[in-house]
Structures are given as structure tokens and as C-alpha cells.
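Note: the block below is data_17.txt and it holds compact mmCIF, C-alpha atoms and all ligand atoms.
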# COMPACT_ATOMS: atom_id res chain seq x y z
CA MET C 1 -2.16 -56.68 65.11
CA LYS C 2 -0.89 -53.75 67.13
CA LEU C 3 -1.57 -51.04 64.57
CA ALA C 4 -5.26 -51.87 64.53
CA ASP C 5 -5.52 -51.38 68.31
CA THR C 6 -4.03 -47.87 68.23
CA PRO C 7 -6.61 -45.13 68.93
CA LEU C 8 -7.65 -43.33 65.73
CA THR C 9 -6.35 -39.99 66.99
CA GLU C 10 -2.81 -41.39 67.04
CA LEU C 11 -3.02 -42.94 63.58
CA ARG C 12 -2.22 -41.19 60.34
CA ALA C 13 -2.52 -42.49 56.79
CA CYS C 14 -0.03 -41.65 54.05
CA PRO C 15 -1.81 -39.38 51.53
CA HIS C 16 0.14 -41.03 48.69
CA CYS C 17 -0.34 -44.72 49.44
CA ASP C 18 -2.86 -45.01 52.30
CA ALA C 19 -0.46 -46.94 54.60
CA LEU C 20 -1.29 -46.47 58.29
CA TYR C 21 1.34 -44.85 60.44
CA ARG C 22 1.42 -44.51 64.22
CA LEU C 23 2.34 -41.03 65.44
CA VAL C 24 5.31 -41.14 67.72
CA PRO C 25 6.86 -38.09 69.41
CA LEU C 26 9.81 -36.87 67.34
CA ARG C 27 12.55 -34.42 68.18
CA SER C 28 13.35 -31.41 66.02
CA ARG C 29 14.93 -32.40 62.67
CA GLU C 30 13.75 -36.01 63.02
CA ARG C 31 11.47 -37.28 60.29
CA GLY C 32 8.63 -39.75 60.27
CA THR C 33 8.37 -41.40 56.87
CA CYS C 34 5.71 -43.63 55.35
CA PRO C 35 6.50 -47.32 55.97
CA GLN C 36 5.44 -48.16 52.42
CA CYS C 37 6.45 -45.35 50.03
CA ASN C 38 8.88 -43.27 52.15
CA HIS C 39 6.85 -40.07 51.80
CA VAL C 40 7.76 -37.70 54.67
CA LEU C 41 4.73 -37.56 56.98
CA VAL C 42 6.08 -35.68 60.00
CA SER C 43 9.12 -33.40 60.19
CA PRO C 44 8.96 -31.17 63.29
CA ARG C 45 11.37 -28.26 63.74
CA SER C 46 11.80 -26.27 66.92
CA ASN C 47 10.47 -22.70 66.82
CA ALA C 48 8.99 -23.55 63.44
CA PHE C 49 6.01 -21.16 63.56
CA ARG C 50 8.09 -18.09 64.37
CA ARG C 51 10.60 -18.92 61.66
CA VAL C 52 7.88 -19.52 59.07
CA ILE C 53 6.27 -16.20 60.04
CA ALA C 54 9.56 -14.30 59.71
CA LEU C 55 10.45 -15.90 56.37
CA SER C 56 6.94 -15.51 54.94
CA THR C 57 6.90 -11.81 55.84
CA ALA C 58 10.29 -11.35 54.19
CA ALA C 59 9.06 -13.19 51.09
CA LEU C 60 5.96 -10.97 50.84
CA VAL C 61 8.10 -7.81 50.97
CA MET C 62 10.40 -9.25 48.30
CA LEU C 63 7.42 -10.04 46.06
CA ALA C 64 6.27 -6.42 46.32
CA VAL C 65 9.75 -5.17 45.43
CA ALA C 66 10.00 -7.61 42.53
CA LEU C 67 6.64 -6.51 41.13
CA PHE C 68 7.60 -2.90 40.43
CA THR C 69 11.36 -2.93 39.80
CA PRO C 70 12.85 -3.93 36.42
CA PHE C 71 13.92 -7.56 36.08
CA LEU C 72 15.93 -7.04 32.91
CA ASP C 73 17.61 -3.98 31.40
CA LEU C 74 17.92 -3.96 27.67
CA SER C 75 19.79 -1.62 25.38
CA ALA C 76 20.08 -1.93 21.62
CA ALA C 77 21.08 0.59 18.95
CA GLY C 78 21.14 3.44 21.42
CA LEU C 79 17.66 2.63 22.71
CA HIS C 80 17.03 1.60 26.25
CA SER C 81 14.21 -0.40 27.68
CA ASP C 82 13.55 -2.10 30.95
CA ALA C 83 10.50 -3.95 32.15
CA SER C 84 9.02 -4.78 35.52
CA ILE C 85 6.57 -7.61 35.97
CA TRP C 86 3.86 -4.99 36.28
CA ASP C 87 4.91 -3.53 32.88
CA THR C 88 4.90 -7.01 31.37
CA ALA C 89 1.35 -7.57 32.54
CA MET C 90 0.19 -4.16 31.30
CA THR C 91 1.76 -4.70 27.87
CA PHE C 92 -0.55 -7.64 27.24
CA SER C 93 -3.53 -6.42 29.21
CA SER C 94 -5.67 -5.97 26.11
CA GLY C 95 -6.50 -8.17 23.16
CA TYR C 96 -6.12 -11.88 22.76
CA LEU C 97 -3.09 -12.02 25.02
CA THR C 98 -5.02 -11.01 28.15
CA PRO C 99 -5.37 -14.59 29.43
CA LEU C 100 -1.60 -15.00 29.10
CA ALA C 101 -0.92 -11.84 31.12
CA VAL C 102 -3.41 -12.88 33.79
CA ALA C 103 -1.91 -16.38 34.04
CA VAL C 104 1.67 -15.12 34.27
CA VAL C 105 0.86 -12.59 37.00
CA ALA C 106 -1.25 -15.15 38.86
CA PHE C 107 1.46 -17.83 38.83
CA ILE C 108 4.37 -15.63 39.84
CA ILE C 109 2.81 -12.91 42.05
CA ILE C 110 -0.83 -13.37 43.07
CA ILE C 111 -0.76 -17.05 44.02
CA PRO C 112 2.58 -16.89 45.89
CA ALA C 113 1.41 -13.75 47.74
CA LEU C 114 -1.97 -15.26 48.59
CA ARG C 115 -0.32 -18.44 49.81
CA LEU C 116 2.12 -16.55 52.04
CA SER C 117 -0.72 -14.42 53.43
CA LEU C 118 -2.83 -17.47 54.25
CA ILE C 119 0.10 -19.07 56.07
CA LEU C 120 0.63 -15.87 58.09
CA TYR C 121 -3.09 -15.65 58.84
CA THR C 122 -3.01 -19.20 60.20
CA LEU C 123 0.26 -19.10 62.10
CA VAL C 124 0.38 -15.65 63.72
CA PRO C 125 -2.40 -16.34 66.29
CA LEU C 126 -1.07 -19.85 66.91
CA SER C 127 2.46 -18.64 67.61
CA LEU C 128 1.05 -16.13 70.13
CA ASN C 129 -0.89 -18.92 71.86
CA LEU C 130 -4.15 -17.26 70.89
CA PRO C 131 -7.15 -19.26 69.65
CA ALA C 132 -6.91 -20.16 65.98
CA ALA C 133 -8.15 -17.47 63.60
CA ARG C 134 -11.63 -17.82 62.11
CA HIS C 135 -11.60 -20.36 59.28
CA ALA C 136 -7.92 -21.08 59.96
CA ALA C 137 -8.37 -24.68 58.78
CA GLY C 138 -9.90 -23.54 55.49
CA ALA C 139 -7.19 -20.91 55.05
CA TYR C 140 -4.34 -23.34 55.58
CA ARG C 141 -6.02 -25.97 53.41
CA LEU C 142 -6.29 -23.43 50.59
CA SER C 143 -2.59 -22.57 51.01
CA GLU C 144 -1.76 -26.25 50.45
CA ILE C 145 -4.07 -26.49 47.42
CA LEU C 146 -2.29 -23.45 45.91
CA HIS C 147 1.17 -24.94 46.44
CA PRO C 148 1.70 -26.53 42.99
CA TRP C 149 0.43 -23.34 41.29
CA SER C 150 2.98 -21.07 42.95
CA MET C 151 5.71 -20.77 40.29
CA ALA C 152 8.18 -18.09 41.40
CA GLU C 153 11.15 -20.46 41.08
CA ILE C 154 10.19 -21.42 37.53
CA PHE C 155 9.96 -17.76 36.59
CA VAL C 156 13.55 -17.18 37.78
CA ILE C 157 14.80 -19.87 35.40
CA GLY C 158 12.59 -18.34 32.69
CA VAL C 159 14.23 -14.94 33.14
CA ALA C 160 17.68 -16.53 32.97
CA VAL C 161 16.77 -18.28 29.71
CA ALA C 162 15.32 -15.06 28.26
CA LEU C 163 18.50 -13.25 29.26
CA VAL C 164 20.65 -15.58 27.19
CA LYS C 165 18.15 -15.61 24.34
CA ILE C 166 18.00 -11.83 23.97
CA ALA C 167 21.74 -11.43 24.56
CA GLY C 168 22.21 -12.21 20.86
CA MET C 169 20.30 -9.16 19.60
CA ALA C 170 20.84 -6.62 22.36
CA SER C 171 22.83 -6.15 25.49
CA VAL C 172 20.87 -7.19 28.53
CA ALA C 173 21.59 -7.22 32.22
CA PRO C 174 19.57 -8.62 35.10
CA GLY C 175 17.77 -5.91 37.08
CA ILE C 176 16.90 -5.52 40.76
CA ALA C 177 13.78 -7.68 40.46
CA PHE C 178 15.78 -10.57 39.04
CA TRP C 179 18.07 -10.71 42.06
CA THR C 180 15.11 -10.15 44.39
CA PHE C 181 13.31 -13.07 42.77
CA ALA C 182 16.38 -15.29 42.99
CA ALA C 183 16.68 -14.49 46.71
CA LEU C 184 12.94 -15.00 47.10
CA VAL C 185 13.25 -18.54 45.80
CA ILE C 186 15.85 -19.31 48.46
CA VAL C 187 13.68 -17.74 51.20
CA ILE C 188 10.66 -19.79 50.07
CA ILE C 189 12.64 -23.05 50.01
CA TRP C 190 13.98 -22.20 53.48
CA GLN C 191 10.47 -21.37 54.72
CA GLU C 192 9.14 -24.67 53.40
CA SER C 193 11.81 -26.61 55.30
CA PHE C 194 10.13 -25.37 58.50
CA LEU C 195 6.58 -26.06 57.36
CA ASP C 196 5.41 -29.28 58.95
CA SER C 197 1.77 -29.85 58.06
CA GLU C 198 1.18 -32.26 60.94
CA GLN C 199 2.48 -29.69 63.41
CA ILE C 200 0.27 -26.95 61.95
CA TRP C 201 -2.85 -29.11 61.70
CA SER C 202 -2.55 -30.34 65.27
CA ALA C 203 -2.00 -26.76 66.48
CA ILE C 204 -5.11 -25.58 64.60
CA ASP C 205 -7.04 -28.56 65.95
CA SER C 206 -6.08 -28.07 69.59
CA SER C 207 -6.69 -24.32 69.63
CA ALA C 208 -9.87 -24.13 67.55
CA PRO C 209 -12.96 -22.87 69.34
CA ARG C 210 -15.16 -25.89 69.95
CA VAL C 211 -18.46 -24.03 70.35
CA ASP C 212 -19.98 -24.56 66.94
CA GLU C 213 -19.22 -28.25 66.67
CA GLY C 214 -22.16 -30.11 65.22
CA ALA C 215 -23.74 -26.93 63.93
CA ALA C 216 -24.04 -26.03 60.25
CA MET E 1 9.84 -56.11 64.74
CA LYS E 2 8.45 -54.88 61.46
CA GLU E 3 4.67 -55.03 61.17
CA PRO E 4 3.17 -55.83 57.79
CA ILE E 5 1.83 -52.77 55.95
CA LEU E 6 -1.80 -52.09 56.72
CA THR E 7 -3.66 -49.49 54.66
CA ALA E 8 -6.51 -47.39 56.01
CA ARG E 9 -8.80 -49.01 53.45
CA LYS E 10 -7.90 -52.55 54.58
CA ALA E 11 -8.36 -51.52 58.21
CA GLY E 12 -11.89 -50.38 57.32
CA LEU E 13 -11.04 -46.70 57.83
CA VAL E 14 -11.14 -43.62 55.65
CA ALA E 15 -8.18 -41.26 55.56
CA CYS E 16 -7.92 -37.54 54.83
CA THR E 17 -5.45 -37.00 51.97
CA ARG E 18 -5.03 -33.35 52.93
CA CYS E 19 -4.05 -33.62 56.63
CA THR E 20 -3.60 -37.45 56.97
CA ARG E 21 -6.02 -38.06 59.86
CA VAL E 22 -8.07 -41.26 59.79
CA TYR E 23 -11.75 -41.78 60.61
CA PRO E 24 -14.38 -44.51 60.76
CA PRO E 25 -15.75 -45.21 57.27
CA ASP E 26 -19.04 -43.32 57.70
CA VAL E 27 -17.40 -39.90 58.25
CA ASP E 28 -17.57 -37.83 55.05
CA LYS E 29 -15.74 -34.63 56.03
CA CYS E 30 -12.44 -34.28 57.87
CA LYS E 31 -13.01 -32.83 61.34
CA ARG E 32 -9.53 -31.37 61.48
CA CYS E 33 -9.08 -29.67 58.10
CA GLY E 34 -12.55 -29.76 56.55
CA ALA E 35 -11.54 -31.65 53.38
CA PRO E 36 -14.09 -34.08 51.92
CA LEU E 37 -13.23 -37.70 52.68
CA SER E 38 -13.45 -40.70 50.41
CA SER E 39 -11.60 -43.97 50.72
CA ARG E 40 -11.05 -43.95 46.96
CA ASN E 41 -12.58 -41.30 44.76
CA PRO E 42 -14.86 -43.29 42.42
CA ASP E 43 -14.63 -40.88 39.47
CA ALA E 44 -10.96 -39.94 39.90
CA LEU E 45 -9.92 -41.91 36.83
CA GLN E 46 -12.54 -40.25 34.64
CA ARG E 47 -11.34 -36.83 35.75
CA VAL E 48 -7.74 -37.84 35.02
CA TRP E 49 -8.67 -38.83 31.46
CA ALA E 50 -10.81 -35.71 30.94
CA TRP E 51 -7.95 -33.37 31.91
CA TRP E 52 -5.49 -35.53 29.98
CA ILE E 53 -7.54 -35.22 26.76
CA ALA E 54 -8.01 -31.46 27.31
CA GLY E 55 -4.24 -31.12 27.78
CA LEU E 56 -3.51 -33.08 24.61
CA ILE E 57 -6.00 -31.05 22.58
CA ALA E 58 -4.35 -27.81 23.74
CA TYR E 59 -0.86 -29.21 23.09
CA ILE E 60 -1.50 -29.71 19.35
CA PRO E 61 -2.08 -26.02 18.41
CA ALA E 62 0.69 -25.12 20.87
CA ASN E 63 3.09 -26.92 18.55
CA ILE E 64 1.62 -25.76 15.24
CA TYR E 65 1.01 -22.04 15.76
CA PRO E 66 3.74 -19.46 16.45
CA MET E 67 4.99 -19.08 19.98
CA LEU E 68 6.75 -15.81 19.22
CA LYS E 69 6.20 -13.35 16.35
CA THR E 70 9.06 -10.99 15.54
CA SER E 71 8.63 -8.08 13.18
CA SER E 72 11.73 -6.20 12.23
CA LEU E 73 11.94 -3.45 9.58
CA GLY E 74 8.77 -4.51 7.85
CA SER E 75 9.43 -8.23 7.71
CA GLU E 76 7.72 -10.61 10.07
CA THR E 77 8.98 -13.96 11.24
CA ALA E 78 7.15 -16.38 13.45
CA SER E 79 8.60 -19.34 15.23
CA SER E 80 6.87 -22.35 16.70
CA ILE E 81 8.18 -24.19 19.77
CA MET E 82 10.37 -26.50 17.70
CA GLY E 83 11.36 -23.65 15.37
CA GLY E 84 12.50 -21.64 18.37
CA VAL E 85 14.58 -24.54 19.62
CA ILE E 86 16.27 -24.98 16.24
CA GLU E 87 16.92 -21.23 16.00
CA LEU E 88 18.48 -21.19 19.47
CA TRP E 89 20.63 -24.15 18.58
CA ALA E 90 21.83 -22.56 15.34
CA HIS E 91 22.34 -18.95 16.42
CA GLY E 92 22.41 -18.99 20.16
CA ASP E 93 23.42 -21.39 22.80
CA PRO E 94 22.94 -25.11 22.50
CA PRO E 95 22.51 -25.38 26.34
CA ILE E 96 19.54 -22.94 26.25
CA ALA E 97 18.10 -24.79 23.25
CA ILE E 98 18.29 -27.97 25.31
CA ILE E 99 16.54 -26.36 28.32
CA VAL E 100 13.68 -25.13 26.11
CA PHE E 101 13.50 -28.46 24.26
CA VAL E 102 13.32 -30.42 27.52
CA ALA E 103 10.77 -28.07 29.12
CA SER E 104 8.53 -27.73 26.07
CA ILE E 105 8.77 -31.10 24.31
CA VAL E 106 10.38 -33.80 26.46
CA ILE E 107 8.55 -33.05 29.74
CA PRO E 108 5.05 -32.55 28.23
CA VAL E 109 5.29 -35.65 26.00
CA GLY E 110 6.78 -37.70 28.83
CA LYS E 111 3.99 -36.48 31.08
CA PHE E 112 1.24 -37.48 28.64
CA LEU E 113 2.76 -40.95 28.30
CA SER E 114 3.35 -41.36 32.05
CA ILE E 115 -0.13 -40.30 33.15
CA ALA E 116 -1.72 -42.50 30.49
CA PHE E 117 0.44 -45.44 31.57
CA LEU E 118 -0.32 -44.91 35.27
CA ALA E 119 -4.07 -44.69 34.64
CA TYR E 120 -4.05 -47.63 32.22
CA SER E 121 -1.97 -49.87 34.48
CA LEU E 122 -4.49 -49.60 37.35
CA LYS E 123 -6.87 -51.88 35.47
CA ARG E 124 -4.37 -54.18 33.76
CA PRO E 125 -1.34 -56.06 34.98
CA THR E 126 2.00 -54.53 34.03
CA SER E 127 5.58 -55.59 34.43
CA MET E 128 6.35 -52.37 36.29
CA GLY E 129 6.21 -52.82 40.06
CA ARG E 130 4.27 -50.66 42.50
CA HIS E 131 7.28 -48.88 43.91
CA ALA E 132 8.45 -47.99 40.41
CA ARG E 133 5.01 -46.75 39.38
CA HIS E 134 4.74 -44.72 42.57
CA ARG E 135 8.13 -43.17 41.83
CA LEU E 136 6.95 -42.35 38.29
CA TYR E 137 3.91 -40.60 39.79
CA GLN E 138 6.13 -38.55 42.11
CA VAL E 139 8.36 -37.52 39.20
CA VAL E 140 5.34 -36.48 37.09
CA GLU E 141 3.88 -34.50 39.98
CA PHE E 142 7.18 -32.77 40.70
CA ILE E 143 8.35 -32.00 37.21
CA GLY E 144 5.13 -31.08 35.38
CA ARG E 145 5.05 -27.45 36.51
CA TRP E 146 8.50 -26.81 35.06
CA SER E 147 7.09 -26.92 31.51
CA MET E 148 5.79 -23.42 32.20
CA ILE E 149 9.34 -22.06 31.63
CA ASP E 150 8.81 -21.38 27.93
CA VAL E 151 5.62 -19.40 28.60
CA PHE E 152 7.56 -17.14 30.94
CA VAL E 153 10.44 -16.82 28.48
CA VAL E 154 8.05 -15.75 25.72
CA ALA E 155 6.26 -13.22 27.94
CA ILE E 156 9.54 -11.74 29.18
CA THR E 157 11.15 -11.55 25.74
CA ALA E 158 8.10 -9.91 24.23
CA SER E 159 7.60 -7.33 26.96
CA LEU E 160 11.25 -6.29 26.82
CA VAL E 161 11.55 -5.93 23.11
CA GLN E 162 8.05 -4.44 22.85
CA PHE E 163 9.06 -0.77 23.07
CA ASN E 164 12.07 -1.11 20.89
CA LEU E 165 11.68 0.69 17.56
CA VAL E 166 13.96 -1.65 15.67
CA ALA E 167 12.05 -4.82 16.31
CA SER E 168 8.85 -5.77 18.00
CA VAL E 169 8.20 -9.17 19.46
CA ASN E 170 4.79 -10.54 20.37
CA PRO E 171 3.67 -13.79 21.90
CA GLY E 172 1.70 -15.94 19.49
CA ILE E 173 -1.49 -17.85 20.11
CA ALA E 174 0.59 -20.98 20.82
CA ALA E 175 1.84 -19.43 24.07
CA ILE E 176 -1.72 -19.42 25.44
CA CYS E 177 -2.42 -22.96 24.16
CA PHE E 178 0.81 -24.19 25.71
CA ALA E 179 0.09 -22.57 29.09
CA ALA E 180 -3.39 -24.14 29.04
CA SER E 181 -1.93 -27.53 28.13
CA VAL E 182 0.49 -27.41 31.08
CA ALA E 183 -2.29 -26.36 33.47
CA PHE E 184 -4.63 -29.14 32.21
CA THR E 185 -2.01 -31.87 32.56
CA MET E 186 -1.16 -30.59 36.05
CA GLN E 187 -4.85 -31.04 36.86
CA ALA E 188 -4.73 -34.55 35.40
CA ALA E 189 -1.79 -35.45 37.65
CA LEU E 190 -3.53 -33.88 40.67
CA ALA E 191 -6.74 -35.79 39.93
CA PHE E 192 -4.87 -39.10 39.90
CA ASP E 193 -5.19 -40.91 43.23
CA PRO E 194 -1.80 -42.56 43.85
CA ARG E 195 -3.30 -44.70 46.64
CA THR E 196 -4.93 -46.81 43.93
CA ILE E 197 -1.48 -47.93 42.73
CA TRP E 198 -1.15 -49.85 46.00
CA ASP E 199 -4.62 -51.43 46.05
CA ASP E 200 -4.98 -55.13 45.40
ZN ZN J 1 3.08 -43.79 51.66
ZN ZN J 2 -8.08 -33.56 57.04
Can you give me the file's structure in the form of C-alpha cells?
Amino acid sequence: MKLADTPLTELRACPHCDALYRLVPLRSRERGTCPQCNHVLVSPRSNAFRRVIALSTAALVMLAVALFTPFLDLSAAGLHSDASIWDTAMTFSSGYLTPLAVAVVAFIIIIPALRLSLILYTLVPLSLNLPAARHAAGAYRLSEILHPWSMAEIFVIGVAVALVKIAGMASVAPGIAFWTFAALVIVIIWQESFLDSEQIWSAIDSSAPRVDEGAA
Amino acid sequence: MKEPILTARKAGLVACTRCTRVYPPDVDKCKRCGAPLSSRNPDALQRVWAWWIAGLIAYIPANIYPMLKTSSLGSETASSIMGGVIELWAHGDPPIAIIVFVASIVIPVGKFLSIAFLAYSLKRPTSMGRHARHRLYQVVEFIGRWSMIDVFVVAITASLVQFNLVASVNPGIAAICFAASVAFTMQAALAFDPRTIWDD
């Protein structure tokens, strides 16, 4: 069997179904999919690191803007109120609702921001052909672990639903943060289309300092 | 032309599920990404069931207690998840009622059933093929997070109406239970090892 004779460094196993896959050089926009379950294993893009860095930086700035500007403006019976995500968190920062405030801020701001920062920390030295940053492997691994817990896009739908829900009792309009968040979702989806784990892992692997191998 | 599928386990190798590299079976930590290696995690199924039960326990009060408490001119009304859906349907928009109903009832219940079925079917023969079960796993993994919508809606609604003198709206205890339930079932789905679907 040919697959069994391939050197281990050129073999990969699908994380979803364990099928072995032989790495073959692919061109930009080509995809290597699992022979058994069709999971995308390799999807290289040219200039990927620079593009991911640019888009991640943009996304971080947008998160900061979205944190402090109002996401909905509400006026009812001559009264006006608007709320930023920061205000939302502070409203519930005491009493039994604290865990809710912490969870909401974590899912929509802290985790996305941490994930973007970890990706930048990993990719900036690599794109400059410098040795990988200290603990780059751990940093990128953590960014992948955080992926399912980063919920900015779900929040955008949540705001839209709230908008319609409140529209019955008051007049509401989306604020700056709503549009920033909506754009942020597009930037994050775009950024992810350039993120090829295999490309990043092999870059970390080939540029990592080899001195402390076997230690610890 | 086409080689038969060979899994890392059948080839006597152990694979990293984080970065996909493969190693001889005695290696216990991935040299590339540092993730712990195991051909199949022996207690994965127990962790799936533990998170599943925790999620179900949290889902019960999430449906009984109020999600949103509204006090307006001295009178207080509280609505549960289902109550909120009915209210939206009656006074608001049916499409929004459907979004909330799907995110808060259909997806969580479907997720409980799907994870239980996937875990149960590993030990017993089922009529559902491997490809279909794998697809079910992918759907559960993809869609589970979207249940969080209602938690965000409640938090947003409450914080906006908070400072209004006419009415004040507060999240109820069910919002916390519901958020916990979604997080626990996400953990259950993450603990499930889909590679075991394909094992003989
Ligand atoms: Zn696969
Ligand atoms: Zn690895």
C-alpha cells in the first residue's frame, strides 16, 4: 500500500475521521479535502499571512469602536436612551446578573479580541521571516480552541432581533456600533478565508528555535 | 487509482486532532503544536454525557423561570422563553417569533437529541450510515452556538429600556440558565470524538 510507505512528515490525518492524507503541493485557492469525509484539510492562499494580519488589525480596531459607541438608539415618550456594549455590561455588573454580563462581554468582545491578538502575535514575526515568537505554537493553538466561543456574528443577529422586538414600544434605530459590528463580521469571515492552519503550523514548525528540544 | 481509505489508527499511528500531523503510537504530545495525543480518547464518551446532563439540567429552569421581567407603571410582567415567543407572534412579527423559537427551542432540543443519538449509536448498530452521522455531527457543531441569540436579545433589550422611566426591563434568572445550557451542550459536542463514528 503506497500510503503506508509515505514518510510520516508528509502524512496528515483528518481531525474529524482519522483518514490518512498525503500532503501534495497545492497552488493558491486549491483545496485538499479528506478522502473520507470531505473536510477541508489544506487550503493555501498566496500572501495569506499579510492579508490575515491586515484584516485582523482592522477587526481589532472595529471591536474597540464597537465597544464604546451606541449600538441602538431608543426614544420613547420624549425620553432618549442609547447603550453601548460597555454600558450594557455595566448595567448588570452587580447582583445576580453579573455572570450574564461577564459571559456576554466575553463572547462578543474579550474572546474575539484575544483570538485576533493571538493570531497577530503568531503571524507578524513569521510574515517578516523572523523566528517564530516565543510560545507561538501555544498561542496559535489557543486561538483555535477559542474559535467556537467567539460569537460576534451571533450578536449582530441578536441586535437585529432586539431592534424589531423593541420597535413595538419605542422608536429605535441602529447606532454606529451596530454597523461596525456588521462590518466586523464580514472582515472576520474574509480573514478566516485566508487562514490555512496547515500553512501556519508548518511555518511555525520550520521557523521555531530548535535549541530547547528534548528539554523540559 | 483510488486507494482504499486507511485511518491513522489502522496504520498503527496516532494523529494530532489540532494540527493533523501523525506520529508513531508511543508519542504522547504533538511536536508541532504541543497538543496532547491520543488515538481515541478513552473517557471522551463519559465527558460527552456529563456535559450533556449538565446542559439538560440547566435547560429545565431556563424554560420555567422568566427570561425577561418588565415592570411598567407599577405592574410587573414576566415572560418565559415560550411566553416571549407567543407574545412576539401575537403582537410583533411572526418572523422574529420564528427566529427566537428556532434558536431557543428547536436548536437546543435538536442538539440534545442529536448528541444523545450520536453517543448512543457508537455502541449499538443503527440504520443511519456513517456519512449521515458524520454530517449530523457537523451540523450540531456548526449550529449549536447560534442558540446564544436569545441571551443577547435579552441583554440588549434590558440594557436599552433600563433607563427609561416608563418601563424597566430586566433579564430573569432563566437567561443565565439558558446561557449555561448552551455553553454546556457546546462542551458536550466538543468532547465528542467524531473519529469514533468511523471506527469498526
Ligand atoms: Zn475526514
Ligand atoms: Zn499537533
Mind listing the residues within 8 Å of ligand ZN 2 (chain J), only C-alpha atoms and all ligand atoms counted, as a PyMOL selection string? chain E and resi 15-21+29-37
Residues within 8 Å of ligand ZN 1 (chain J) should be enumerated using only C-alpha atoms and all ligand atoms and returned as a PDB file with C-alpha atoms, keeping the file's coordinate frame.
ATOM      1  CA  ALA C  13      -2.520 -42.490  56.790  1.00  0.00           C
ATOM      2  CA  CYS C  14      -0.030 -41.650  54.050  1.00  0.00           C
ATOM      3  CA  PRO C  15      -1.810 -39.380  51.530  1.00  0.00           C
ATOM      4  CA  HIS C  16       0.140 -41.030  48.690  1.00  0.00           C
ATOM      5  CA  CYS C  17      -0.340 -44.720  49.440  1.00  0.00           C
ATOM      6  CA  ASP C  18      -2.860 -45.010  52.300  1.00  0.00           C
ATOM      7  CA  ALA C  19      -0.460 -46.940  54.600  1.00  0.00           C
ATOM      8  CA  THR C  33       8.370 -41.400  56.870  1.00  0.00           C
ATOM      9  CA  CYS C  34       5.710 -43.630  55.350  1.00  0.00           C
ATOM     10  CA  PRO C  35       6.500 -47.320  55.970  1.00  0.00           C
ATOM     11  CA  GLN C  36       5.440 -48.160  52.420  1.00  0.00           C
ATOM     12  CA  CYS C  37       6.450 -45.350  50.030  1.00  0.00           C
ATOM     13  CA  ASN C  38       8.880 -43.270  52.150  1.00  0.00           C
ATOM     14  CA  HIS C  39       6.850 -40.070  51.800  1.00  0.00           C
TER      15      HIS C  39
END
When you draw a straight line from CA of Ala183 (chain E) to CA of Tyr59 (chain E), how long is it in Å?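 We find that CA of Ala183 (chain E) and CA of Tyr59 (chain E) lie 10.9 Å from each other.
With distances taken over all atoms listed in the file, E:Ala174 is the one residue among E:Ala174, E:Ile115, E:Val14, E:Ile156 lying closest to Ile81 (chain E).
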For the point (8.3, -6.2, 36.5) in the file's frame, write as a ChimeraX atom specification all residues with an atom no more than 12 Å away, counting all atoms listed in the file. /C:63-73,82-91,104-105,108-109,155,159,174-178,180-181 /E:155-156,159-160
Can you give me N, CA and C atoms for region 178-191 of chain C, written as a compact mmCIF listing (two decimals), in the frame of the given file?
# COMPACT_ATOMS: atom_id res chain seq x y z
N PHE C 178 15.24 -9.23 39.29
CA PHE C 178 15.78 -10.57 39.04
C PHE C 178 16.48 -11.10 40.28
N TRP C 179 17.33 -10.27 40.87
CA TRP C 179 18.07 -10.71 42.06
C TRP C 179 17.13 -10.88 43.24
N THR C 180 16.10 -10.00 43.31
CA THR C 180 15.11 -10.15 44.39
C THR C 180 14.39 -11.48 44.25
N PHE C 181 14.02 -11.81 43.01
CA PHE C 181 13.31 -13.07 42.77
C PHE C 181 14.19 -14.28 43.09
N ALA C 182 15.47 -14.18 42.70
CA ALA C 182 16.38 -15.29 42.99
C ALA C 182 16.51 -15.50 44.50
N ALA C 183 16.61 -14.39 45.25
CA ALA C 183 16.68 -14.49 46.71
C ALA C 183 15.36 -15.00 47.28
N LEU C 184 14.27 -14.56 46.66
CA LEU C 184 12.94 -15.00 47.10
C LEU C 184 12.79 -16.51 47.04
N VAL C 185 13.33 -17.09 45.96
CA VAL C 185 13.25 -18.54 45.80
C VAL C 185 13.95 -19.24 46.97
N ILE C 186 15.11 -18.71 47.34
CA ILE C 186 15.85 -19.31 48.46
C ILE C 186 15.06 -19.17 49.75
N VAL C 187 14.47 -17.97 49.97
CA VAL C 187 13.68 -17.74 51.20
C VAL C 187 12.49 -18.70 51.24
N ILE C 188 11.83 -18.91 50.09
CA ILE C 188 10.66 -19.79 50.07
C ILE C 188 11.07 -21.24 50.35
N ILE C 189 12.18 -21.68 49.76
CA ILE C 189 12.64 -23.05 50.01
C ILE C 189 12.98 -23.22 51.50
N TRP C 190 13.61 -22.21 52.06
CA TRP C 190 13.98 -22.20 53.48
C TRP C 190 12.71 -22.25 54.34
N GLN C 191 11.73 -21.41 53.99
CA GLN C 191 10.47 -21.37 54.72
C GLN C 191 9.79 -22.74 54.70
